[in-house]
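One file, final_16.cif, carrying mmCIF, C-alpha atoms:
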data_target
#
loop_
_atom_site.group_PDB
_atom_site.id
_atom_site.type_symbol
_atom_site.label_atom_id
_atom_site.label_comp_id
_atom_site.auth_asym_id
_atom_site.auth_seq_id
_atom_site.Cartn_x
_atom_site.Cartn_y
_atom_site.Cartn_z
ATOM 1 C CA MET A 1 2.602 71.190 -47.171
ATOM 2 C CA SER A 2 0.747 72.215 -44.046
ATOM 3 C CA VAL A 3 1.555 75.347 -42.080
ATOM 4 C CA ARG A 4 2.865 73.178 -39.245
ATOM 5 C CA ASN A 5 5.234 71.321 -41.615
ATOM 6 C CA THR A 6 6.423 74.614 -43.101
ATOM 7 C CA PHE A 7 7.293 75.979 -39.651
ATOM 8 C CA ALA A 8 8.970 72.708 -38.693
ATOM 9 C CA THR A 9 11.097 72.820 -41.849
ATOM 10 C CA LEU A 10 12.029 76.463 -41.233
ATOM 11 C CA ALA A 11 12.924 75.683 -37.631
ATOM 12 C CA LEU A 12 15.325 72.983 -38.832
ATOM 13 C CA LEU A 13 16.902 75.253 -41.453
ATOM 14 C CA ALA A 14 17.268 78.327 -39.227
ATOM 15 C CA PRO A 15 20.438 77.119 -37.445
ATOM 16 C CA LEU A 16 22.074 76.435 -40.830
ATOM 17 C CA ALA A 17 21.306 79.945 -42.038
ATOM 18 C CA ALA A 18 22.663 81.442 -38.811
ATOM 19 C CA LEU A 19 25.998 79.682 -39.359
ATOM 20 C CA ALA A 20 26.458 80.939 -42.911
ATOM 21 C CA GLY A 21 29.095 83.659 -42.672
ATOM 22 C CA GLN A 22 29.064 83.579 -38.869
ATOM 23 C CA ILE A 23 32.122 85.343 -37.450
ATOM 24 C CA GLU A 24 32.834 85.559 -33.734
ATOM 25 C CA VAL A 25 35.416 88.041 -32.480
ATOM 26 C CA ARG A 26 37.335 86.839 -29.433
ATOM 27 C CA ASP A 27 39.881 88.346 -27.059
ATOM 28 C CA GLY A 28 40.117 91.785 -28.717
ATOM 29 C CA TYR A 29 42.631 94.170 -27.177
ATOM 30 C CA ALA A 30 45.020 97.036 -27.860
ATOM 31 C CA HIS A 31 47.984 98.279 -25.870
ATOM 32 C CA ALA A 32 47.805 101.628 -24.100
ATOM 33 C CA THR A 33 49.665 104.414 -25.898
ATOM 34 C CA SER A 34 51.370 107.628 -24.846
ATOM 35 C CA THR A 35 50.544 111.117 -26.104
ATOM 36 C CA ALA A 36 53.602 110.922 -28.388
ATOM 37 C CA GLN A 37 52.344 107.836 -30.229
ATOM 38 C CA PRO A 38 50.281 108.563 -33.345
ATOM 39 C CA VAL A 39 49.624 104.855 -33.997
ATOM 40 C CA GLY A 40 48.320 101.915 -32.048
ATOM 41 C CA ALA A 41 47.704 98.275 -32.821
ATOM 42 C CA GLY A 42 44.740 95.986 -32.296
ATOM 43 C CA PHE A 43 44.756 92.254 -31.776
ATOM 44 C CA LEU A 44 41.953 89.682 -31.786
ATOM 45 C CA THR A 45 40.932 86.233 -32.923
ATOM 46 C CA LEU A 46 38.349 85.725 -35.666
ATOM 47 C CA ALA A 47 36.480 82.421 -35.301
ATOM 48 C CA ASN A 48 34.376 81.377 -38.265
ATOM 49 C CA GLY A 49 31.454 79.023 -37.629
ATOM 50 C CA GLY A 50 30.366 78.987 -41.273
ATOM 51 C CA ALA A 51 31.675 79.056 -44.826
ATOM 52 C CA ALA A 52 35.017 80.619 -45.736
ATOM 53 C CA ASP A 53 34.955 84.404 -45.509
ATOM 54 C CA ARG A 54 37.334 87.305 -45.966
ATOM 55 C CA LEU A 55 38.054 90.327 -43.762
ATOM 56 C CA LEU A 56 37.927 93.276 -46.176
ATOM 57 C CA GLY A 57 38.635 96.171 -43.856
ATOM 58 C CA VAL A 58 38.307 97.797 -40.471
ATOM 59 C CA SER A 59 37.298 101.182 -39.125
ATOM 60 C CA CYS A 60 37.632 102.765 -35.710
ATOM 61 C CA SER A 61 36.328 106.115 -34.496
ATOM 62 C CA CYS A 62 39.467 106.453 -32.330
ATOM 63 C CA ALA A 63 41.770 106.940 -35.340
ATOM 64 C CA GLN A 64 41.889 108.749 -38.662
ATOM 65 C CA SER A 65 42.248 105.373 -40.383
ATOM 66 C CA ALA A 66 42.597 101.694 -39.587
ATOM 67 C CA GLU A 67 44.352 99.089 -41.711
ATOM 68 C CA LEU A 68 45.061 95.377 -41.868
ATOM 69 C CA HIS A 69 48.797 94.677 -41.528
ATOM 70 C CA SER A 70 51.277 91.830 -41.272
ATOM 71 C CA MET A 71 54.699 91.768 -39.676
ATOM 72 C CA SER A 72 57.468 89.265 -40.253
ATOM 73 C CA MET A 73 61.185 88.951 -39.648
ATOM 74 C CA ASP A 74 63.508 88.408 -42.601
ATOM 75 C CA GLY A 75 67.185 87.934 -41.778
ATOM 76 C CA GLY A 76 66.836 89.878 -38.533
ATOM 77 C CA VAL A 77 65.009 92.741 -40.271
ATOM 78 C CA MET A 78 61.415 93.497 -39.389
ATOM 79 C CA LYS A 79 59.199 93.783 -42.452
ATOM 80 C CA MET A 80 55.700 95.159 -42.264
ATOM 81 C CA ARG A 81 53.169 95.457 -45.031
ATOM 82 C CA LYS A 82 49.603 96.548 -45.472
ATOM 83 C CA LEU A 83 47.183 93.741 -46.341
ATOM 84 C CA ASP A 84 44.189 94.201 -48.626
ATOM 85 C CA THR A 85 42.270 91.303 -47.049
ATOM 86 C CA ILE A 86 42.636 88.452 -44.560
ATOM 87 C CA ASP A 87 41.112 85.070 -45.429
ATOM 88 C CA ILE A 88 39.134 83.328 -42.676
ATOM 89 C CA PRO A 89 38.818 79.571 -43.389
ATOM 90 C CA ALA A 90 35.501 77.740 -43.099
ATOM 91 C CA LYS A 91 34.995 76.382 -39.578
ATOM 92 C CA GLY A 92 38.395 77.817 -38.661
ATOM 93 C CA SER A 93 39.980 80.804 -36.990
ATOM 94 C CA VAL A 94 42.680 83.388 -37.577
ATOM 95 C CA ALA A 95 44.620 85.128 -34.818
ATOM 96 C CA LEU A 96 45.703 88.742 -35.253
ATOM 97 C CA GLU A 97 48.503 89.022 -32.710
ATOM 98 C CA PRO A 98 51.776 90.812 -31.960
ATOM 99 C CA GLY A 99 54.490 89.721 -34.365
ATOM 100 C CA GLY A 100 52.018 88.641 -37.060
ATOM 101 C CA MET A 101 48.845 89.917 -38.659
ATOM 102 C CA HIS A 102 47.213 92.771 -36.733
ATOM 103 C CA LEU A 103 45.134 95.937 -37.007
ATOM 104 C CA MET A 104 46.916 99.298 -37.260
ATOM 105 C CA LEU A 105 45.138 102.331 -35.801
ATOM 106 C CA ILE A 106 46.727 105.275 -37.613
ATOM 107 C CA GLY A 107 46.391 108.893 -36.544
ATOM 108 C CA LEU A 108 45.023 108.279 -33.062
ATOM 109 C CA LYS A 109 42.676 111.082 -32.037
ATOM 110 C CA ALA A 110 43.673 110.621 -28.381
ATOM 111 C CA PRO A 111 45.977 108.231 -26.520
ATOM 112 C CA LEU A 112 44.546 104.794 -25.806
ATOM 113 C CA ALA A 113 44.147 104.573 -22.031
ATOM 114 C CA GLU A 114 44.260 101.379 -19.987
ATOM 115 C CA GLY A 115 40.734 100.129 -19.280
ATOM 116 C CA GLN A 116 39.205 102.030 -22.215
ATOM 117 C CA GLN A 117 36.905 100.192 -24.644
ATOM 118 C CA VAL A 118 37.692 101.009 -28.289
ATOM 119 C CA PRO A 119 34.807 100.407 -30.746
ATOM 120 C CA LEU A 120 35.646 98.683 -34.038
ATOM 121 C CA GLU A 121 33.767 97.796 -37.188
ATOM 122 C CA LEU A 122 35.112 94.846 -39.147
ATOM 123 C CA ARG A 123 33.859 94.419 -42.737
ATOM 124 C CA PHE A 124 33.623 90.902 -44.117
ATOM 125 C CA ASP A 125 32.820 89.694 -47.611
ATOM 126 C CA LYS A 126 29.978 87.398 -46.456
ATOM 127 C CA ALA A 127 29.307 88.233 -42.804
ATOM 128 C CA GLY A 128 28.971 91.960 -43.523
ATOM 129 C CA VAL A 129 29.784 94.412 -40.745
ATOM 130 C CA VAL A 130 30.679 92.969 -37.351
ATOM 131 C CA ARG A 131 30.905 95.450 -34.478
ATOM 132 C CA THR A 132 33.137 94.742 -31.517
ATOM 133 C CA THR A 133 35.383 96.484 -29.001
ATOM 134 C CA LEU A 134 39.027 96.261 -28.092
ATOM 135 C CA LYS A 135 39.888 96.452 -24.414
ATOM 136 C CA VAL A 136 42.937 98.648 -23.866
ATOM 137 C CA LYS A 137 45.544 96.883 -21.740
ATOM 138 C CA ALA A 138 48.641 98.240 -20.037
ATOM 139 C CA ARG A 139 51.653 98.387 -22.268
ATOM 140 C CA VAL A 140 53.903 95.365 -21.845
ATOM 141 C CA PRO A 141 57.634 95.694 -21.054
ATOM 142 C CA ALA A 142 59.915 96.709 -23.925
ATOM 143 C CA GLY A 143 60.989 93.782 -26.045
ATOM 144 C CA HIS A 144 57.783 91.848 -25.418
ATOM 145 C CA GLU A 145 55.214 93.842 -27.352
ATOM 146 C CA GLY A 146 55.890 93.049 -30.996
ATOM 147 C CA HIS A 147 56.337 96.016 -33.292
ATOM 148 C CA GLU A 148 53.300 98.223 -32.936
ATOM 149 C CA HIS A 149 55.145 101.185 -31.451
ATOM 150 C CA MET A 150 58.489 100.894 -33.217
ATOM 151 C CA HIS A 151 57.739 102.093 -36.742
ATOM 152 C CA LYS A 152 56.547 105.070 -38.684
ATOM 153 C CA HIS A 153 53.958 105.214 -41.453
#

Take the structure from the file and write it as structure tokens.
Amino acid sequence: MSVRNTFATLALLAPLAALAGQIEVRDGYAHATSTAQPVGAGFLTLANGGAADRLLGVSCSCAQSAELHSMSMDGGVMKMRKLDTIDIPAKGSVALEPGGMHLMLIGLKAPLAEGQQVPLELRFDKAGVVRTTLKVKARVPAGHEGHEHMHKH
């Protein structure tokens, strides 16, 4: 195989390799918190352009720890649980949003202020570490924000 053919073959294969484990983080945000709130929540959409992957964990310099969580209602009772992982389907997406799966920021080092950018590191089984930021938005009116400020850990 000539050098030219080798480069041509590599050029054709490069886009396929780039899609393997490709995760795009979209629309990341957190709600602003008060000084009395030791926890915050993060929301985002994970779009997967490649093979199935799994979110293994998250870290944030703004908090002592960060965890994957889910929230559901069962007979009018809110139930929340820590998740070990979140599966991201091949060529699919998963939304982490109020009232469902989300990121918990536990032991905030300082309140999250509107307009602030919060750095995150998401760890995936195949995609490795993906760095992103959450934009801190104003807190929404009571009753419309999900659960992120209504429970203790």

One decimal, in Å: what's the spacing between CA of Ala95 (chain A) and CA of Ala47 (chain A)?
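For CA of Ala95 (chain A) relative to CA of Ala47 (chain A), the distance reads 8.6 Å.
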
So, with only C-alpha atoms as the atoms that count, which of A:Asp74, A:Asp125, A:Glu67, A:Glu24 lies closest to Gly92 (chain A)?
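Of A:Asp74, A:Asp125, A:Glu67, A:Glu24, the one nearest Gly92 (chain A), counting only C-alpha atoms, is A:Glu24.
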
Residues matched by the PyMOL selection byres ((chain A and resi 26) around 9) as a PyMOL selection string
chain A and resi 24-25+27-28+44-47

Enter the distance from CA of Val136 (chain A) to CA of Asn48 (chain A), in Å, rounded to one decimal.
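For CA of Val136 (chain A) relative to CA of Asn48 (chain A), the distance reads 24.1 Å.
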
So, with all atoms listed in the file as the atoms that count, which of A:Ile88, A:Met104, A:Leu96, A:Val39 lies closest to Leu68 (chain A)?
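Answer, going by the shortest atom-to-atom distance: A:Met104.
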
Report, in Å to a single decimal, how far apart CA of Ala66 (chain A) and CA of Leu112 (chain A) are.
14.3 Å

Residue nearest Gly50 (chain A) - candidates A:Ala127, A:Leu122, A:Val94, A:Leu83, atoms counted: all atoms listed in the file
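Selected residue with least distance to Gly50 (chain A): A:Ala127.
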
Could you please give me, as a compact mmCIF listing (two decimals) with C-alpha atoms, in the frame of the given file, the residues of protein, DNA or RNA lying at most 9 Å from (43.3, 111.1, -32.9) in the coordinate frame of the file, considering all atoms listed in the file?
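File written: part21.txt
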# COMPACT_ATOMS: atom_id res chain seq x y z
CA PRO A 38 50.28 108.56 -33.34
CA VAL A 39 49.62 104.86 -34.00
CA SER A 61 36.33 106.12 -34.50
CA CYS A 62 39.47 106.45 -32.33
CA ALA A 63 41.77 106.94 -35.34
CA GLN A 64 41.89 108.75 -38.66
CA ILE A 106 46.73 105.28 -37.61
CA GLY A 107 46.39 108.89 -36.54
CA LEU A 108 45.02 108.28 -33.06
CA LYS A 109 42.68 111.08 -32.04
CA ALA A 110 43.67 110.62 -28.38
CA PRO A 111 45.98 108.23 -26.52

I would like the residues chosen by the PyMOL selection byres ((chain A and resi 32) around 9) on the shown file; could you give them as a ChimeraX atom specification?
/A:30-31,33-34,40,111-116,136-139

From the options A:Thr85, A:Ser65, A:Gln117, A:Ser59, which residue's atoms come nearest to Tyr29 (chain A), counting only C-alpha atoms?
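The answer is A:Gln117, which sits nearest to Tyr29 (chain A).
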
Which one of A:Ala51, A:Gly76, A:Arg123, A:Ala36 sits closest to Pro89 (chain A) if you count all atoms listed in the file?
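Going through A:Ala51, A:Gly76, A:Arg123, A:Ala36 one by one, the smallest distance to Pro89 (chain A) is for A:Ala51.
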
Padded axis-aligned box of region 47-62 of chain A (3 Å per side), centre and edge lengths, Å, one decimal, as AutoDock Vina command-line options:
--center_x 34.9 --center_y 92.7 --center_z -39.3 --size_x 15.1 --size_y 33.5 --size_z 19.8

Considering only C-alpha atoms, can you say which of A:Gly57, A:Gly100, A:Gly49, A:Gly128 comes closest to Lys79 (chain A)?
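When distances to Lys79 (chain A) are compared using only C-alpha atoms, the smallest one comes from A:Gly100.
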
Would you be able to write out as a VMD selection string which residues have an atom within 6 Å of (51.3, 95.1, -38.1) in the file's coordinates, counting only C-alpha atoms?
chain A and resid 69 to 71 101 to 102

Write out as an MDAnalysis selection string the residues lying within 7 Å of Asp87 (chain A), counting only C-alpha atoms and excluding same-chain residues fewer than 3 positions away.
chainID A and resid 53:55
